[in-house]
Amino acid sequence: MLYGKKGQGEDMSVIEVKNLTKDYKINKKGKGLGGAVKNLFVREKTVVRAVKDLSFSIEKGEIVAFIGPNGAGKSTTVKMMSGILNPTGGQVLVNGKDVAKKRKEVVMDLGVVFGQRTQLNWDLRLGESFELLKRIYRIPDERYKENLKVMDEILGINEIIDIPVRQLSLGQRMRGDLVAAMLHSPSVLFLDEPTIGLDVEGKYAIRKFIKEINRVKGTTVILTTHDLGDIQELCERLIIINNGELMEDGPLREVTERIAPFKTLVVEFYDGEAPKHAKAELFYHEGNIAKYRFRKADITAAQLIDEIAQKQAIKDVSIEEASIDDIIRIAYQGSDDKI
Amino acid sequence: MNIRKNVTAYFYVYKIRIQKSLAYHYDVYGNILMQCIIMFAAAFFWRALYAGETMVQGVEAEQMYIYTVVSTAMSVFFMNDVEQRVMRSVEKGTIAVEMLKPINLYGIFFFEDLGKLTALFCQNLIPILLIGSLFIAVPKPASGLAFLLFLVSLVMAYLIHWLLAACFSMWAFVTINMSPLLQVKKHLIRLLSGSIIPLWFFPDWLASVLNCLPFVYIYQLPLDIYIGKEEMSNILPRLGIQAIWVVVLFVLFSVLQKNALKKVMIQGG
């Protein structure tokens, strides 16, 4: 590799995505019996643009989360970045090489895990799957053993190494898939919904793994997820995609500031009506509890509490930052002044 | 396809597949039973046909019994999993990732099938030959040379059948469920390759059509050589045609494989 550890060659991106576009051709299905018969003879095709002109770059050692609603084009983007799907337009460079053109070369340096589709062979024991991968990628003995040792320390993989893949629980299988993807020490790891369907402990293990390999090996990690915990714990950087377009790109905190610059004030009254306020939206009111949403730019929390207290006696207050839930919801709706 | 570079991976797949196959017993007994039923049915059929005759179409009853036993034993060579494997990967949606591994996916499937064959050789082929020898006829080859040529022909027959299956497996990229197609193909091959009824019992026009297809080079040619139905001078040209079929199917397979990968790359796996 030209550039080894963090610090060197930081000006060069690991992944560069330029004007990436993907169209799918879909057979149009006619309705009813007539349509079905017609379909036998004529096939009308419609073109669906799944990804529209995406451009961004990812630096070495970053952990980047792709989020967006179902069907937003996240998986399509990740597939194109990892070389298993050809773009209709634009290009993806991994370590400076065009993925679509030098696929075989690029793929040697990538690890890919699709959460819902295991790449492990059902018929083999987990350890046998690893042994096969060792031979496929021609991983030297020493490196193989060392990698397995590191994986065992993080994921406790040795406990399950003798179990046939078909008998593994979802969490165990996911751990197996992660190890399988990392055995050949790729510099970039793609994870498509790695924590989907896992229990708390499973999610914890996967997140720990991602953090550890990022720290120890400097692996660049790109993941898609619907899990807010994943984002909170792992990602310095967020890319929000909707309708195949890039909506937001930046550090979690910045994105929050930009699209959800509000806080929520939770007030408990002794009794009676919650007073309305001109600069804050009363969006929840039940019993004695009321919640106000306000923009930091419009009014300070102290002022708001003070003004409400003048109208109605307050028993207790607390202030909540915009949760990641809110951010995502707002981003998905595609409007940032929804307050 | 760089076989030399990947030889350790292929050998590992081969070895593991033998181990796995040896671990499953019930399929094995089931298959022996099924093949033996077909073998006995065919043997009774020939006995009825030869009642009072010593020779039909230049073939003695004894030769026909040997034909039946060897044909049944040969069926073990033609139990590939390549189509199922491709189908499963397409269904699971992992085919694209698997095809991008730095190894030929079909190479893996080929060596898995070889592993399965090795296990079945002991588990199925030997028992079938024993049962056939005890109850139907001892399958002696026409001559030592015939046996050697039979082996050569059998290897090529294996390749033809496997390549046909590999080409056929590409359907999985187009259709959603190809299991029914697989059944049709399996029975067509059994019928058109002379595995149960030799070609010389077919009407002339049908036999000449079938001679232009690769199927007869799966069962009929090796069996003809084994029982000594074919003159020596005729064997070599037919072996040549068989070899040409191997090459033709290999080329077809390579082209289809390239297209399949392209298709996966465009539509997504």
# chains A, B, ... in the order shown; residues from 1 in each chain; ligands from 1

call {"tool": "residues_around", "arguments": {"residues": "B:Leu125", "least_positions_apart": "5", "cutoff": "9 Å", "atoms": "only C-alpha atoms", "output": "list in words"}}
result
Ile32, Thr72, Ala73, Met74, Ser75, Val76, Phe77, Leu120 and Leu130 of chain B

call {"tool": "residues_around", "arguments": {"residues": "A:Met182", "least_positions_apart": "6", "cutoff": "12 Å", "atoms": "only C-alpha atoms", "output": "PDB file with C-alpha atoms, in the first residue's frame"}}
result
ATOM      1  CA  MET A 108      -9.022  -7.983  -2.766  1.00  0.00           C
ATOM      2  CA  ASP A 109      -8.840  -4.967  -0.495  1.00  0.00           C
ATOM      3  CA  LEU A 110     -12.527  -4.844   0.446  1.00  0.00           C
ATOM      4  CA  GLY A 111     -14.587  -6.689   3.022  1.00  0.00           C
ATOM      5  CA  VAL A 112     -18.332  -6.907   2.526  1.00  0.00           C
ATOM      6  CA  VAL A 113     -21.093  -8.024   4.896  1.00  0.00           C
ATOM      7  CA  PHE A 130     -12.636 -19.535   7.481  1.00  0.00           C
ATOM      8  CA  LEU A 133     -11.453 -18.200   2.746  1.00  0.00           C
ATOM      9  CA  LYS A 134      -7.851 -18.413   3.871  1.00  0.00           C
ATOM     10  CA  TYR A 137      -7.533 -15.167  -0.560  1.00  0.00           C
ATOM     11  CA  ILE A 139      -3.723 -15.474   3.331  1.00  0.00           C
ATOM     12  CA  ARG A 143      -1.404 -13.412   9.284  1.00  0.00           C
ATOM     13  CA  TYR A 144      -4.382 -15.760   9.339  1.00  0.00           C
ATOM     14  CA  GLU A 146      -2.960 -13.438  14.070  1.00  0.00           C
ATOM     15  CA  ASN A 147      -6.190 -12.136  12.550  1.00  0.00           C
ATOM     16  CA  LEU A 148      -8.177 -14.972  14.095  1.00  0.00           C
ATOM     17  CA  VAL A 150      -7.560 -10.594  17.300  1.00  0.00           C
ATOM     18  CA  MET A 151     -11.103 -11.529  16.238  1.00  0.00           C
ATOM     19  CA  ARG A 175     -20.128 -12.472  14.211  1.00  0.00           C
ATOM     20  CA  GLY A 176     -18.977 -15.207  11.858  1.00  0.00           C
ATOM     21  CA  VAL A 188     -12.219  -0.928   3.704  1.00  0.00           C
ATOM     22  CA  LEU A 189     -15.186  -2.722   5.229  1.00  0.00           C
ATOM     23  CA  PHE A 190     -18.742  -2.357   3.906  1.00  0.00           C
ATOM     24  CA  LEU A 191     -21.566  -3.347   6.225  1.00  0.00           C
ATOM     25  CA  PHE A 209     -15.974  -5.032  16.857  1.00  0.00           C
ATOM     26  CA  ILE A 210     -16.381  -2.141  14.437  1.00  0.00           C
ATOM     27  CA  ILE A 213     -10.915  -2.882  14.094  1.00  0.00           C
ATOM     28  CA  ASN A 214     -11.176   0.784  13.259  1.00  0.00           C
ATOM     29  CA  LYS A 217      -6.194  -1.717  12.167  1.00  0.00           C
ATOM     30  CA  THR A 219      -9.986   0.026   8.795  1.00  0.00           C
ATOM     31  CA  THR A 220     -12.320   2.426   7.055  1.00  0.00           C
ATOM     32  CA  VAL A 221     -15.898   1.351   7.771  1.00  0.00           C
TER      33      VAL A 221
END

call {"tool": "interface_residues", "arguments": {"of": "chain B", "to": "chain A", "cutoff": "6 Å", "atoms": "only C-alpha atoms", "output": "mmCIF file with C-alpha atoms, in the first residue's frame"}}
result
data_model
loop_
_atom_site.group_PDB
_atom_site.id
_atom_site.type_symbol
_atom_site.label_atom_id
_atom_site.label_comp_id
_atom_site.auth_asym_id
_atom_site.auth_seq_id
_atom_site.Cartn_x
_atom_site.Cartn_y
_atom_site.Cartn_z
ATOM 1 C CA ALA B 9 -8.647 -23.820 -2.204
ATOM 2 C CA ALA B 96 -22.752 -11.301 -6.817
ATOM 3 C CA MET B 265 -23.535 -6.570 -12.223
ATOM 4 C CA ILE B 266 -26.297 -4.607 -13.911
ATOM 5 C CA GLY B 268 -27.826 -6.391 -8.674
#

call {"tool": "residues_around", "arguments": {"residues": "B:Gly93", "least_positions_apart": "2", "cutoff": "7 Å", "atoms": "only C-alpha atoms", "output": "ChimeraX atom specification"}}
result
/A:117 /B:89-91,95,269

call {"tool": "select_by_dssp", "arguments": {"residues": "stretch 29-173 of chain B", "states": "strand (DSSP E or B)", "output": "ChimeraX atom specification"}}
result
/B:55-56,59-60

call {"tool": "write_last_selection", "arguments": {"atoms": "N, CA and C atoms", "output": "compact mmCIF listing (two decimals), in the first residue's frame"}}
result
# COMPACT_ATOMS: atom_id res chain seq x y z
N MET B 55 -30.17 -63.19 -30.16
CA MET B 55 -29.55 -61.94 -30.54
C MET B 55 -30.59 -60.96 -31.09
N VAL B 56 -30.56 -59.74 -30.59
CA VAL B 56 -31.42 -58.70 -31.14
C VAL B 56 -30.53 -57.55 -31.55
N VAL B 59 -26.91 -57.77 -30.64
CA VAL B 59 -26.48 -57.75 -29.24
C VAL B 59 -27.11 -58.94 -28.51
N GLU B 60 -26.27 -59.66 -27.73
CA GLU B 60 -26.80 -60.81 -26.98
C GLU B 60 -27.46 -60.35 -25.69

call {"tool": "residues_around", "arguments": {"residues": "B:Leu145", "least_positions_apart": "3", "cutoff": "10 Å", "atoms": "only C-alpha atoms", "output": "NGL selection string"}}
result
:B and (141-142 or 148-151 or 225-226 or 232)

call {"tool": "write_last_selection", "arguments": {"atoms": "N, CA and C atoms", "output": "short mmCIF file (atom, residue, chain, number, x, y, z; two decimals), in the first residue's frame"}}
result
data_model
loop_
_atom_site.label_atom_id
_atom_site.label_comp_id
_atom_site.auth_asym_id
_atom_site.auth_seq_id
_atom_site.Cartn_x
_atom_site.Cartn_y
_atom_site.Cartn_z
N PRO B 141 -16.09 -56.32 -18.92
CA PRO B 141 -15.95 -55.56 -20.16
C PRO B 141 -15.59 -56.48 -21.32
N ALA B 142 -15.83 -55.99 -22.55
CA ALA B 142 -15.58 -56.80 -23.74
C ALA B 142 -14.12 -57.22 -23.83
N LEU B 148 -10.23 -49.84 -20.91
CA LEU B 148 -9.42 -48.61 -20.87
C LEU B 148 -10.10 -47.48 -21.64
N LEU B 149 -10.54 -47.81 -22.85
CA LEU B 149 -11.21 -46.78 -23.67
C LEU B 149 -12.51 -46.33 -23.01
N PHE B 150 -13.17 -47.29 -22.35
CA PHE B 150 -14.39 -46.94 -21.60
C PHE B 150 -14.08 -45.88 -20.56
N LEU B 151 -12.95 -46.07 -19.84
CA LEU B 151 -12.59 -45.09 -18.80
C LEU B 151 -12.35 -43.71 -19.40
N ILE B 225 -18.82 -49.00 -25.90
CA ILE B 225 -17.42 -49.45 -25.83
C ILE B 225 -17.29 -50.59 -24.83
N TYR B 226 -17.96 -50.45 -23.70
CA TYR B 226 -17.83 -51.44 -22.62
C TYR B 226 -18.32 -52.81 -23.05
N MET B 232 -13.71 -51.52 -33.14
CA MET B 232 -12.59 -50.68 -32.73
C MET B 232 -12.40 -49.49 -33.67
#

call {"tool": "closest_residue", "arguments": {"among": "A:Asn243, A:Phe283, A:Asp316, A:Arg295", "to": "A:Gly68", "atoms": "only C-alpha atoms"}}
result
A:Asn243

call {"tool": "residues_around", "arguments": {"residues": "B:Asp81", "least_positions_apart": "5", "cutoff": "9 Å", "atoms": "only C-alpha atoms", "output": "VMD selection string"}}
result
chain B and resid 86 109 to 110 112 to 113 116 165

call {"tool": "atom_distance", "arguments": {"atom1": "atom CA of A:Ala274", "atom2": "atom CA of A:Glu257"}}
result
28.1 Å
